[in-house]
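Colleague: This one is final.cif, mmCIF, C-alpha atoms.
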```cif
data_target
#
loop_
_atom_site.label_atom_id
_atom_site.label_comp_id
_atom_site.auth_asym_id
_atom_site.auth_seq_id
_atom_site.Cartn_x
_atom_site.Cartn_y
_atom_site.Cartn_z
CA MET P 286 115.60 10.75 44.65
CA LYS P 287 116.71 8.64 41.68
CA VAL P 288 118.20 9.82 38.37
CA LEU P 289 118.19 7.55 35.31
CA PHE P 290 120.21 8.05 32.12
CA VAL P 291 118.88 6.36 28.99
CA CYS P 292 120.39 5.71 25.58
CA ALA P 293 119.67 3.01 22.98
CA GLY P 294 121.63 -0.08 24.05
CA ASN P 295 122.99 1.01 27.47
CA ILE P 296 126.49 -0.03 26.37
CA CYS P 297 127.97 3.30 25.17
CA ARG P 298 126.58 6.62 26.26
CA SER P 299 124.34 6.14 29.28
CA PRO P 300 126.92 4.08 31.28
CA VAL P 301 129.37 6.97 30.87
CA ALA P 302 126.74 9.46 32.01
CA GLU P 303 125.94 7.31 35.05
CA ALA P 304 129.61 7.08 36.06
CA VAL P 305 130.24 10.80 35.59
CA PHE P 306 127.12 11.68 37.57
CA ARG P 307 128.12 9.42 40.45
CA ARG P 308 131.55 11.05 40.71
CA GLU P 309 130.40 14.65 40.27
CA ALA P 310 127.44 14.33 42.66
CA ALA P 311 129.84 13.25 45.40
CA PHE P 312 131.26 16.81 45.41
CA HIS P 313 127.84 18.12 46.52
CA ALA P 314 126.71 17.21 50.02
CA VAL P 315 123.09 18.03 49.13
CA LEU P 316 123.12 15.18 46.58
CA GLY P 317 124.36 12.58 49.04
CA ASP P 318 121.08 10.63 48.99
CA VAL P 319 120.58 10.71 45.21
CA GLU P 320 120.72 7.35 43.42
CA VAL P 321 121.79 7.06 39.80
CA ALA P 322 121.39 4.30 37.21
CA SER P 323 121.25 3.83 33.44
CA ALA P 324 119.23 1.81 30.97
CA GLY P 325 118.58 1.37 27.25
CA VAL P 326 115.34 1.37 25.30
CA VAL P 327 116.56 -1.52 23.09
CA ALA P 328 119.17 -3.00 25.45
CA TRP P 329 120.03 -6.66 25.84
CA ASP P 330 120.20 -7.33 29.57
CA GLY P 331 123.68 -8.30 30.73
CA ASP P 332 125.71 -6.93 27.80
CA GLY P 333 128.98 -5.29 28.74
CA PRO P 334 130.06 -1.83 27.56
CA VAL P 335 131.76 -1.39 24.21
CA ASP P 336 135.54 -1.74 24.49
CA GLU P 337 136.18 1.59 22.75
CA VAL P 338 134.02 3.58 25.15
CA THR P 339 135.52 1.77 28.15
CA ASP P 340 139.04 2.68 27.01
CA VAL P 341 138.19 6.29 26.17
CA CYS P 342 136.32 6.75 29.46
CA ARG P 343 139.31 5.52 31.43
CA GLU P 344 141.83 7.59 29.46
CA SER P 345 139.97 10.90 29.27
CA LEU P 346 137.84 10.89 32.42
CA GLY P 347 139.71 8.53 34.73
CA LEU P 348 136.60 6.39 35.18
CA ASN P 349 136.33 2.61 34.93
CA ILE P 350 132.98 1.40 33.56
CA GLY P 351 134.19 -2.08 32.67
CA GLY P 352 131.94 -3.73 35.26
CA HIS P 353 128.75 -2.19 33.87
CA ARG P 354 126.03 -4.52 32.57
CA ALA P 355 123.22 -3.36 30.33
CA GLN P 356 119.60 -3.15 31.44
CA ARG P 357 116.49 -2.62 29.37
CA LEU P 358 114.24 0.27 30.38
CA LEU P 359 111.06 -1.01 32.02
CA ALA P 360 107.68 0.70 31.99
CA GLY P 361 107.49 0.63 35.80
CA ASP P 362 110.87 2.33 36.37
CA PRO P 363 110.60 4.39 39.60
CA SER P 364 113.15 7.09 38.71
CA ASP P 365 112.26 10.69 39.54
CA VAL P 366 114.30 12.27 36.73
CA VAL P 367 114.97 10.47 33.43
CA LEU P 368 117.57 11.98 31.11
CA ALA P 369 117.73 10.82 27.50
CA LEU P 370 120.94 11.20 25.51
CA ASP P 371 119.29 12.06 22.18
CA ARG P 372 115.88 13.04 20.81
CA TRP P 373 115.14 9.61 19.31
CA VAL P 374 115.64 8.01 22.72
CA HIS P 375 113.71 10.80 24.45
CA ASP P 376 110.62 10.25 22.31
CA ARG P 377 110.61 6.52 22.98
CA VAL P 378 111.16 6.99 26.71
CA ALA P 379 108.29 9.50 26.82
CA ALA P 380 106.04 6.87 25.28
CA PHE P 381 106.65 4.60 28.27
CA GLY P 382 104.52 6.88 30.44
CA LEU P 383 106.99 6.85 33.34
CA ALA P 384 106.05 8.52 36.60
CA GLY P 385 109.25 10.58 36.65
CA GLU P 386 110.09 13.68 34.62
CA VAL P 387 111.61 12.87 31.22
CA HIS P 388 114.09 15.34 29.72
CA LEU P 389 116.64 15.50 26.97
CA LEU P 390 119.97 15.66 28.80
CA GLY P 391 120.99 18.75 26.85
CA ASP P 392 117.80 20.56 27.80
CA PHE P 393 118.15 19.66 31.48
CA ALA P 394 121.81 20.72 31.49
CA GLY P 395 121.01 24.15 30.07
CA SER P 396 122.19 23.44 26.52
CA ALA P 397 118.80 23.52 24.82
CA GLY P 398 118.34 20.93 22.11
CA GLU P 399 121.87 19.51 22.33
CA GLU P 400 122.02 15.78 21.61
CA VAL P 401 124.82 13.24 22.08
CA ASP P 402 125.20 11.23 18.89
CA ASP P 403 125.60 7.48 19.24
CA PRO P 404 129.24 6.59 18.39
CA TYR P 405 128.53 2.84 18.25
CA GLY P 406 130.35 1.18 15.37
CA GLY P 407 132.09 4.38 14.31
CA PRO P 408 135.70 5.63 14.48
CA ILE P 409 137.46 6.14 17.81
CA GLY P 410 137.23 9.91 17.39
CA GLY P 411 133.46 9.67 17.68
CA TYR P 412 133.77 7.89 21.01
CA ARG P 413 136.15 10.55 22.31
CA GLU P 414 133.84 13.34 21.24
CA ALA P 415 130.80 11.66 22.82
CA VAL P 416 132.56 10.98 26.13
CA GLN P 417 133.79 14.58 26.43
CA GLN P 418 130.34 15.91 25.54
CA ILE P 419 128.67 13.64 28.09
CA GLY P 420 131.12 14.73 30.77
CA ARG P 421 130.34 18.39 30.15
CA LEU P 422 126.57 17.98 30.03
CA VAL P 423 126.42 15.75 33.11
CA ARG P 424 128.50 18.21 35.12
CA GLN P 425 126.04 20.94 34.15
CA ALA P 426 123.11 18.71 35.11
CA VAL P 427 124.68 17.94 38.48
CA ALA P 428 125.20 21.66 39.13
CA ARG P 429 121.52 22.32 38.37
CA LEU P 430 120.31 19.54 40.66
CA ALA P 431 122.60 20.72 43.45
CA ARG P 432 121.30 24.30 43.17
CA GLU P 433 117.69 23.14 43.22
CA ARG P 434 118.13 20.79 46.16
CA ALA P 435 120.23 23.21 48.20
CA ALA P 436 117.58 25.93 47.98
CA PHE P 437 120.19 28.43 49.13
CA ASP P 438 118.61 31.63 50.46
CA LEU P 439 120.64 34.08 48.40
CA GLN P 440 118.43 37.01 49.37
CA ALA P 441 119.02 36.44 53.09
CA TYR P 442 122.75 35.97 52.51
CA GLY P 443 122.91 39.20 50.51
CA ALA P 444 121.03 41.06 53.24
CA ARG P 445 123.46 39.68 55.82
CA LEU P 446 126.34 41.12 53.80
CA GLY P 447 124.55 44.38 53.15
CA LEU P 448 124.50 43.80 49.38
CA THR P 449 121.41 44.97 47.53
CA ALA P 450 122.58 45.01 43.88
CA GLN P 451 121.44 42.39 41.38
CA VAL P 452 123.92 39.50 41.33
CA ALA P 453 125.46 37.94 38.22
CA ASP P 454 128.34 35.52 37.76
CA GLY P 455 130.98 38.14 36.90
CA LEU P 456 134.25 39.28 38.48
CA ALA P 457 132.73 42.46 39.94
CA THR P 458 130.12 40.38 41.77
CA LEU P 459 132.74 37.89 42.99
CA ARG P 460 134.88 40.68 44.41
CA ALA P 461 131.94 42.46 46.03
CA ILE P 462 130.69 39.30 47.74
CA HIS P 463 134.15 38.31 48.96
CA ARG P 464 134.89 41.78 50.33
CA ALA P 465 131.52 42.10 52.08
CA HIS P 466 131.65 38.58 53.53
CA VAL P 467 135.08 39.13 55.10
CA ALA P 468 134.08 42.48 56.60
CA THR P 469 130.67 41.33 57.87
CA ILE P 470 130.84 37.70 59.00
CA PRO P 471 133.62 37.32 61.61
CA PHE P 472 136.06 34.47 61.90
CA GLU P 473 135.49 32.83 65.29
CA ASN P 474 135.57 29.51 67.16
CA LEU P 475 133.11 30.29 69.95
CA ASP P 476 131.01 27.16 69.45
CA ILE P 477 134.07 25.01 70.10
CA GLN P 478 134.82 27.08 73.18
CA LEU P 479 131.20 26.74 74.34
CA GLY P 480 131.30 22.96 73.93
CA ARG P 481 129.02 22.84 70.90
CA PRO P 482 129.56 20.80 67.72
CA VAL P 483 130.53 22.54 64.49
CA ARG P 484 128.08 21.54 61.75
CA LEU P 485 128.72 21.97 58.03
CA ASP P 486 125.32 21.15 56.54
CA LEU P 487 123.76 24.07 54.70
CA ALA P 488 120.75 24.41 56.99
CA SER P 489 122.99 24.76 60.05
CA LEU P 490 125.31 27.22 58.32
CA GLN P 491 122.47 29.45 57.15
CA ALA P 492 120.91 29.36 60.60
CA LYS P 493 124.14 30.25 62.40
CA LEU P 494 126.07 32.58 60.08
CA VAL P 495 123.12 34.24 58.35
CA ARG P 496 120.03 34.30 60.56
CA GLN P 497 121.74 34.24 63.98
CA ARG P 498 124.41 36.66 62.69
CA ARG P 499 127.27 34.63 64.13
CA GLY P 500 130.62 33.80 62.55
CA GLY P 501 132.64 30.64 62.13
CA TYR P 502 135.96 29.26 61.05
CA CYS P 503 137.21 28.17 57.63
CA PHE P 504 135.03 25.11 57.03
CA GLU P 505 131.89 27.03 57.94
CA GLN P 506 132.80 30.27 56.19
CA ASN P 507 133.97 28.81 52.91
CA THR P 508 131.24 26.17 52.75
CA LEU P 509 128.66 28.95 53.05
CA LEU P 510 130.44 30.95 50.34
CA LEU P 511 130.65 27.81 48.17
CA HIS P 512 126.86 27.43 48.27
CA ALA P 513 126.36 31.14 47.61
CA LEU P 514 128.61 31.14 44.55
CA ARG P 515 127.10 27.94 43.17
CA SER P 516 123.61 29.35 43.60
CA ILE P 517 124.62 32.31 41.42
CA GLY P 518 126.17 30.06 38.80
CA PHE P 519 129.92 30.38 39.39
CA ASP P 520 132.25 27.52 38.45
CA VAL P 521 133.72 26.86 41.89
CA VAL P 522 135.42 23.94 43.64
CA ALA P 523 136.58 23.40 47.22
CA CYS P 524 140.22 22.49 47.93
CA GLU P 525 142.24 21.44 50.97
CA ALA P 526 145.12 23.60 52.17
CA ARG P 527 148.01 23.08 54.56
CA VAL P 528 148.71 26.08 56.80
CA ARG P 529 152.35 27.11 57.09
CA ALA P 530 152.46 28.48 60.59
CA ASP P 531 156.18 29.15 61.02
CA GLY P 532 157.82 27.48 58.05
CA THR P 533 159.37 24.68 60.09
CA ARG P 534 156.51 22.32 60.97
CA ILE P 535 154.42 20.20 58.62
CA LEU P 536 150.80 20.67 59.64
CA PRO P 537 147.80 18.59 58.49
CA ARG P 538 145.53 19.79 55.69
CA THR P 539 143.00 21.46 57.94
CA HIS P 540 142.16 24.56 55.94
CA MET P 541 139.51 24.90 53.23
CA VAL P 542 139.75 27.25 50.27
CA LEU P 543 137.78 27.79 47.07
CA VAL P 544 138.93 28.11 43.47
CA VAL P 545 136.67 29.92 41.00
CA THR P 546 137.27 29.71 37.25
CA LEU P 547 135.98 32.76 35.42
CA ASP P 548 136.58 33.47 31.74
CA GLY P 549 139.52 31.08 31.74
CA VAL P 550 141.20 32.67 34.78
CA ARG P 551 141.41 30.90 38.15
CA TRP P 552 140.86 32.87 41.34
CA LEU P 553 141.54 31.84 44.94
CA CYS P 554 138.62 32.77 47.19
CA ASP P 555 139.04 32.45 50.94
CA VAL P 556 136.80 34.17 53.49
CA GLY P 557 137.86 31.81 56.27
CA PHE P 558 141.51 32.53 57.09
CA GLY P 559 140.93 35.18 59.70
CA ALA P 560 142.85 38.42 60.00
CA ASP P 561 145.66 37.47 57.60
CA GLY P 562 143.32 36.30 54.85
CA PRO P 563 142.73 38.18 51.60
CA LEU P 564 139.99 40.78 51.39
CA GLU P 565 139.24 39.91 47.78
CA PRO P 566 139.88 37.00 45.40
CA VAL P 567 143.52 36.45 44.39
CA ALA P 568 144.25 35.61 40.76
CA PHE P 569 146.54 32.73 39.90
CA GLY P 570 149.72 33.67 38.06
CA GLY P 571 152.20 34.95 40.63
CA SER P 572 151.65 38.69 40.32
CA ALA P 573 151.49 40.89 43.40
CA GLN P 574 147.95 42.08 44.04
CA PRO P 575 147.33 45.07 46.33
CA GLN P 576 144.31 44.87 48.62
CA ALA P 577 143.81 47.98 50.76
CA HIS P 578 147.07 48.26 52.78
CA TRP P 579 148.26 44.73 52.04
CA ARG P 580 149.63 42.74 49.09
CA TYR P 581 149.09 39.09 48.19
CA ARG P 582 150.29 36.72 45.52
CA LEU P 583 149.98 33.06 44.58
CA ALA P 584 153.35 31.43 44.00
CA SER P 585 153.68 28.12 42.15
CA GLU P 586 155.44 25.31 43.98
CA GLY P 587 155.33 22.19 41.86
CA ALA P 588 151.69 21.12 41.64
CA GLN P 589 150.80 23.41 44.52
CA GLN P 590 149.88 27.06 44.86
CA VAL P 591 151.17 29.00 47.87
CA LEU P 592 149.32 32.05 49.15
CA GLN P 593 151.82 34.65 50.30
CA LEU P 594 151.45 37.94 52.17
CA ASP P 595 153.90 40.82 51.86
CA ARG P 596 155.14 41.63 55.35
CA ASP P 597 157.45 44.63 55.33
CA GLY P 598 158.83 43.79 51.90
CA ARG P 599 159.21 40.07 52.51
CA TRP P 600 156.85 37.49 51.01
CA CYS P 601 155.65 35.14 53.77
CA ASP P 602 153.84 31.86 53.15
CA LEU P 603 150.35 31.57 54.63
CA TYR P 604 149.31 28.18 53.24
CA ALA P 605 149.77 25.80 50.32
CA PHE P 606 147.11 23.94 48.38
CA ALA P 607 146.67 21.78 45.31
CA PRO P 608 143.96 23.33 43.11
CA GLU P 609 142.03 20.07 42.89
CA PRO P 610 138.45 19.52 44.08
CA ARG P 611 137.87 17.65 47.30
CA TYR P 612 134.74 15.92 48.56
CA PRO P 613 132.55 17.24 51.41
CA VAL P 614 133.43 14.15 53.45
CA ASP P 615 137.10 15.26 53.40
CA PHE P 616 136.12 18.50 55.10
CA GLU P 617 133.82 16.74 57.54
CA MET P 618 136.77 14.69 58.74
CA ALA P 619 139.10 17.70 58.93
CA ASN P 620 136.41 19.70 60.73
CA TRP P 621 135.91 16.95 63.32
CA PHE P 622 139.65 16.73 63.96
CA THR P 623 140.12 20.49 64.16
CA SER P 624 137.19 21.05 66.50
CA THR P 625 137.76 18.09 68.87
CA TRP P 626 141.46 17.15 69.00
CA PRO P 627 142.65 18.18 72.50
CA GLN P 628 145.78 19.84 71.09
CA SER P 629 143.97 21.77 68.39
CA ARG P 630 144.63 25.50 68.60
CA PHE P 631 140.88 26.05 68.25
CA VAL P 632 140.28 23.91 71.32
CA LEU P 633 143.10 25.48 73.28
CA THR P 634 142.55 29.14 72.36
CA LEU P 635 139.48 31.32 71.96
CA THR P 636 139.74 33.44 68.85
CA ALA P 637 137.71 36.02 66.95
CA GLN P 638 139.05 37.85 63.91
CA ARG P 639 137.74 40.36 61.41
CA SER P 640 139.23 42.30 58.51
CA THR P 641 138.19 45.60 56.95
CA PRO P 642 140.04 47.78 54.43
CA GLU P 643 141.04 50.05 57.32
CA ALA P 644 142.26 47.57 59.94
CA ARG P 645 142.55 43.92 60.98
CA PHE P 646 141.34 42.80 64.39
CA ALA P 647 142.54 39.53 65.93
CA LEU P 648 141.55 38.34 69.39
CA ARG P 649 143.47 35.32 70.69
CA GLY P 650 142.67 34.39 74.25
CA LEU P 651 142.69 37.65 76.16
CA GLU P 652 145.00 39.50 73.78
CA LEU P 653 143.78 41.82 71.04
CA THR P 654 145.89 42.80 68.04
CA VAL P 655 144.83 45.69 65.83
CA ALA P 656 146.88 45.93 62.63
CA GLY P 657 146.79 48.80 60.17
CA PRO P 658 148.97 50.51 57.58
CA HIS P 659 151.35 51.83 60.24
CA GLY P 660 151.91 48.62 62.19
CA ALA P 661 150.20 46.58 64.87
CA ASP P 662 149.03 47.43 68.37
CA VAL P 663 148.78 44.58 70.91
CA ARG P 664 146.82 45.04 74.07
CA PRO P 665 145.51 42.82 76.90
CA VAL P 666 141.78 42.32 77.38
CA ALA P 667 140.22 41.97 80.81
CA ARG P 668 137.94 38.94 81.15
CA GLU P 669 134.99 41.16 82.07
CA ALA P 670 135.54 43.21 78.89
CA LEU P 671 135.50 40.17 76.60
CA ILE P 672 131.76 39.96 75.90
CA PRO P 673 131.41 43.68 75.06
CA LEU P 674 134.52 43.43 72.85
CA LEU P 675 133.05 40.50 70.93
CA ARG P 676 129.86 42.48 70.40
CA ASP P 677 131.33 45.86 69.48
CA THR P 678 134.47 44.94 67.52
CA PHE P 679 133.65 41.50 66.12
CA LEU P 680 129.87 41.92 65.75
CA ILE P 681 129.18 38.75 67.77
CA ASP P 682 126.46 38.60 70.40
CA VAL P 683 126.91 35.94 73.09
CA PRO P 684 125.25 35.72 76.51
CA ALA P 685 126.86 37.79 79.24
CA ASP P 686 127.37 34.66 81.35
CA ALA P 687 129.01 32.58 78.57
CA GLN P 688 131.78 30.28 79.80
CA PHE P 689 134.64 29.43 77.43
CA ARG P 690 136.60 26.21 77.86
CA SER P 691 140.04 27.78 77.34
CA LEU P 692 139.41 30.74 79.67
CA ASP P 693 137.06 29.61 82.42
CA THR P 694 137.89 26.83 84.85
CA SER P 695 134.29 25.60 85.14
CA ALA P 696 133.99 25.32 81.37
CA LEU P 697 137.24 23.37 81.16
CA GLN P 698 136.10 20.95 83.82
CA ALA P 699 132.71 20.53 82.13
CA GLY P 700 134.42 19.81 78.77
#
```
In structure tokens, write the structure found in this file.

Modeller:
Amino acid sequence: MKVLFVCAGNICRSPVAEAVFRREAAFHAVLGDVEVASAGVVAWDGDGPVDEVTDVCRESLGLNIGGHRAQRLLAGDPSDVVLALDRWVHDRVAAFGLAGEVHLLGDFAGSAGEEVDDPYGGPIGGYREAVQQIGRLVRQAVARLARERAAFDLQAYGARLGLTAQVADGLATLRAIHRAHVATIPFENLDIQLGRPVRLDLASLQAKLVRQRRGGYCFEQNTLLLHALRSIGFDVVACEARVRADGTRILPRTHMVLVVTLDGVRWLCDVGFGADGPLEPVAFGGSAQPQAHWRYRLASEGAQQVLQLDRDGRWCDLYAFAPEPRYPVDFEMANWFTSTWPQSRFVLTLTAQRSTPEARFALRGLELTVAGPHGADVRPVAREALIPLLRDTFLIDVPADAQFRSLDTSALQAG
């Protein structure tokens, strides 16, 4: 698929749109094969971008378009989607009779009729306004393309969670989805223990966590939730977190979390931290937030946010993260490391975890912990009772003869 942005001279507006699209599309794995370019209906081939727009683009968006060179739009352009920056350009592009779909950028981005005025030759304020407007519209266009290409099966996901109400991008919906996801889709690393790869593409996640009714760990869980929230229309980004296991060791950033911005308020969403994770989204700001029998808060630590859990009156760090978006490739690398490094706790220890408002269940190896409002009960699990326990407590069906690398000698030798 190829996307083409078109303005008049291809030296002001469309180069900015091309650069913004390239950066924003990289945050969506489903757009990994999409090409992007720009052109002008009256461009002089080879012209460089206007100095003012180059400077403003670098200052306000952190993008360098200085190497761009103008290209005139050709009648045989093979682009699939052509996005014009204003109506004048749109009408002239439409007259070319291109094979691809021609849209006004504002229309395609969901801002019907909105045009980006050409700042060429005007005051610097006009360039700043145009660049900011282009950034906003292109981000909206990228979100639309990602939703369309992902083709997320929201109905199947909702059925998996047991949700039947109409969804809308509001706080009540966000809380309901988060709560149902945590209670229904268990945290588990059984594929690693069975010697299978952990895949993060949407098709694999929907097959495993939705249709096969399995669970997964953070990269799987929160990537699935990311697609679900984007399909509804939430403003959501994925961030990397560093787990704070005991407060003394520095661990790699091998946890994935989501940040949703809703009506100007940021919310941490995390359905992939296992038994200690929040049941519902946690608002930024530092206030204590009760969730069933537990309390959470987000504490500021420089540029980072730290998720904390109240344990017997003492706030304990769970993990720290910078609320900045990260690319899917960052999580692919972290997922590969976490699922294959010989010393990874997910390689060394079988785990299954699930949280409900009544209790938290955490299986690690052959030890089960059940935590509730009155404390925790730890009990051993016989190997022959493991498969029934996974089925009845963690809602996971695996074959009765399954061999796990950290528990069964034959599986360890095979791995």

Colleague: Counting only C-alpha atoms, figure out which residue out of P:Val632, P:Ala397, P:Ile350, P:Ala670 gets nearest to Asp476 (chain P).

Modeller: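 Of the candidates, the smallest distance to Asp476 (chain P) is held by P:Val632.
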
Colleague: Just so the selection is clear, what residues does the PyMOL selection byres ((chain P and resi 534-545) around 9) cover here, as a VMD selection string?

Modeller: chain P and resid 503 to 504 507 to 508 510 to 511 514 519 to 533 546 to 547 550 to 558 566 604 606 608 to 610 616 619 to 620 622 to 623

Colleague: Would you mind exporting the chosen residues as a short mmCIF file (atom, residue, chain, number, x, y, z; two decimals), in the frame of the given file, restricted to C-alpha atoms?

Modeller:
```cif
data_model
loop_
_atom_site.label_atom_id
_atom_site.label_comp_id
_atom_site.auth_asym_id
_atom_site.auth_seq_id
_atom_site.Cartn_x
_atom_site.Cartn_y
_atom_site.Cartn_z
CA CYS P 503 137.21 28.17 57.63
CA PHE P 504 135.03 25.11 57.03
CA ASN P 507 133.97 28.81 52.91
CA THR P 508 131.24 26.17 52.75
CA LEU P 510 130.44 30.95 50.34
CA LEU P 511 130.65 27.81 48.17
CA LEU P 514 128.61 31.14 44.55
CA PHE P 519 129.92 30.38 39.39
CA ASP P 520 132.25 27.52 38.45
CA VAL P 521 133.72 26.86 41.89
CA VAL P 522 135.42 23.94 43.64
CA ALA P 523 136.58 23.40 47.22
CA CYS P 524 140.22 22.49 47.93
CA GLU P 525 142.24 21.44 50.97
CA ALA P 526 145.12 23.60 52.17
CA ARG P 527 148.01 23.08 54.56
CA VAL P 528 148.71 26.08 56.80
CA ARG P 529 152.35 27.11 57.09
CA ALA P 530 152.46 28.48 60.59
CA ASP P 531 156.18 29.15 61.02
CA GLY P 532 157.82 27.48 58.05
CA THR P 533 159.37 24.68 60.09
CA THR P 546 137.27 29.71 37.25
CA LEU P 547 135.98 32.76 35.42
CA VAL P 550 141.20 32.67 34.78
CA ARG P 551 141.41 30.90 38.15
CA TRP P 552 140.86 32.87 41.34
CA LEU P 553 141.54 31.84 44.94
CA CYS P 554 138.62 32.77 47.19
CA ASP P 555 139.04 32.45 50.94
CA VAL P 556 136.80 34.17 53.49
CA GLY P 557 137.86 31.81 56.27
CA PHE P 558 141.51 32.53 57.09
CA PRO P 566 139.88 37.00 45.40
CA TYR P 604 149.31 28.18 53.24
CA PHE P 606 147.11 23.94 48.38
CA PRO P 608 143.96 23.33 43.11
CA GLU P 609 142.03 20.07 42.89
CA PRO P 610 138.45 19.52 44.08
CA PHE P 616 136.12 18.50 55.10
CA ALA P 619 139.10 17.70 58.93
CA ASN P 620 136.41 19.70 60.73
CA PHE P 622 139.65 16.73 63.96
CA THR P 623 140.12 20.49 64.16
#
```

Colleague: Got a sec: who's within 10 Å of Gly447 (chain P), counting all atoms listed in the file, leaving out chain neighbours fewer than 6 positions off, as a PDB file with C-alpha atoms, in the coordinates of the input?

Modeller:
```pdb
ATOM      1  CA  ALA P 441     119.020  36.440  53.090  1.00  0.00           C
ATOM      2  CA  ILE P 462     130.690  39.300  47.740  1.00  0.00           C
ATOM      3  CA  ALA P 465     131.520  42.100  52.080  1.00  0.00           C
ATOM      4  CA  HIS P 466     131.650  38.580  53.530  1.00  0.00           C
ATOM      5  CA  THR P 469     130.670  41.330  57.870  1.00  0.00           C
TER       6      THR P 469
END
```

Colleague: I would like the residues chosen by the PyMOL selection byres ((chain P and resi 490-501) around 10) on the shown file; could you give them as a tab-separated table (two decimals) with C-alpha atoms, in the frame of the given file?

Modeller:
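Saved the output as selection.tsv:
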```tsv
chain	number	residue	atom	x	y	z
P	437	PHE	CA	120.19	28.43	49.13
P	438	ASP	CA	118.61	31.63	50.46
P	441	ALA	CA	119.02	36.44	53.09
P	442	TYR	CA	122.75	35.97	52.51
P	443	GLY	CA	122.91	39.20	50.51
P	444	ALA	CA	121.03	41.06	53.24
P	445	ARG	CA	123.46	39.68	55.82
P	446	LEU	CA	126.34	41.12	53.80
P	469	THR	CA	130.67	41.33	57.87
P	470	ILE	CA	130.84	37.70	59.00
P	471	PRO	CA	133.62	37.32	61.61
P	472	PHE	CA	136.06	34.47	61.90
P	473	GLU	CA	135.49	32.83	65.29
P	474	ASN	CA	135.57	29.51	67.16
P	475	LEU	CA	133.11	30.29	69.95
P	476	ASP	CA	131.01	27.16	69.45
P	477	ILE	CA	134.07	25.01	70.10
P	483	VAL	CA	130.53	22.54	64.49
P	484	ARG	CA	128.08	21.54	61.75
P	485	LEU	CA	128.72	21.97	58.03
P	486	ASP	CA	125.32	21.15	56.54
P	487	LEU	CA	123.76	24.07	54.70
P	488	ALA	CA	120.75	24.41	56.99
P	489	SER	CA	122.99	24.76	60.05
P	502	TYR	CA	135.96	29.26	61.05
P	503	CYS	CA	137.21	28.17	57.63
P	504	PHE	CA	135.03	25.11	57.03
P	505	GLU	CA	131.89	27.03	57.94
P	506	GLN	CA	132.80	30.27	56.19
P	507	ASN	CA	133.97	28.81	52.91
P	508	THR	CA	131.24	26.17	52.75
P	509	LEU	CA	128.66	28.95	53.05
P	557	GLY	CA	137.86	31.81	56.27
P	559	GLY	CA	140.93	35.18	59.70
P	637	ALA	CA	137.71	36.02	66.95
P	638	GLN	CA	139.05	37.85	63.91
P	639	ARG	CA	137.74	40.36	61.41
P	679	PHE	CA	133.65	41.50	66.12
P	680	LEU	CA	129.87	41.92	65.75
P	681	ILE	CA	129.18	38.75	67.77
P	682	ASP	CA	126.46	38.60	70.40
P	683	VAL	CA	126.91	35.94	73.09
```

Colleague: Determine the residue membership of the PyMOL selection byres ((chain P and resi 643) around 8) for the file above and supply it as an MDAnalysis selection string.

Modeller: chainID P and resid 577:578 641:642 644:645 657:658

Colleague: Need to verify the contact set: Arg432 (chain P), 10 Å, only C-alpha atoms, exclusion of same-chain residues closer than 2 positions in sequence. Can you return it as a list of chain:residue names?

Modeller: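 So, after excluding close chain neighbours, the residues are P:His313, P:Val315, P:Leu316, P:Ala426, P:Val427, P:Ala428, P:Arg429, P:Leu430, P:Arg434, P:Ala435, P:Ala436, P:Phe437, P:His512, P:Ala513, P:Arg515, P:Ser516, P:Ile517, P:Gly518.
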
Colleague: What separation in Å, quoted to one decimal, exists between CA of Asp595 (chain P) and CA of Thr654 (chain P)?

Modeller: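 Separation of CA of Asp595 (chain P) and CA of Thr654 (chain P): 18.2 Å.
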
Colleague: Which one of P:Phe631, P:Phe393, P:Phe306, P:Tyr412 sits closest to Ser345 (chain P) if you count only C-alpha atoms?

Modeller: P:Tyr412

Colleague: Which one of P:Leu653, P:Leu390, P:Ala468, P:Leu448 sits closest to Arg421 (chain P) if you count only C-alpha atoms?

Modeller: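 Ranked by minimum distance to Arg421 (chain P), first place goes to P:Leu390.
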
Colleague: For the atom pair CA of Asp376 (chain P) and CA of Val401 (chain P), what is the interatomic distance in Å to one decimal place?

Modeller: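 Between CA of Asp376 (chain P) and CA of Val401 (chain P) the gap is 14.5 Å.
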
Colleague: Kindly give the distance, in Å, that separates CA of Ser323 (chain P) and CA of Ile409 (chain P), rounded to a single decimal.

Modeller: 22.6 Å

Colleague: Of the candidates P:Glu586, P:Ala461, P:Gly549, P:Leu635, which shows the shortest atom-to-atom distance to Leu564 (chain P), using all atoms listed in the file?

Modeller: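 Using all atoms listed in the file, the shortest distance to Leu564 (chain P) belongs to P:Ala461.
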
Colleague: Could you give me, as a list in words, the residues within 10 Å of Val321 (chain P), counting all atoms listed in the file and dropping anything in the same chain fewer than 3 positions from it?

Modeller: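 Here the qualifying residues turn out to be Met286, Lys287, Val288, Leu289, Phe290, Ala302, Glu303, Ala304, Phe306, Arg307, Ala310, Asp318, Ser364, Val366 and Val367 of chain P.
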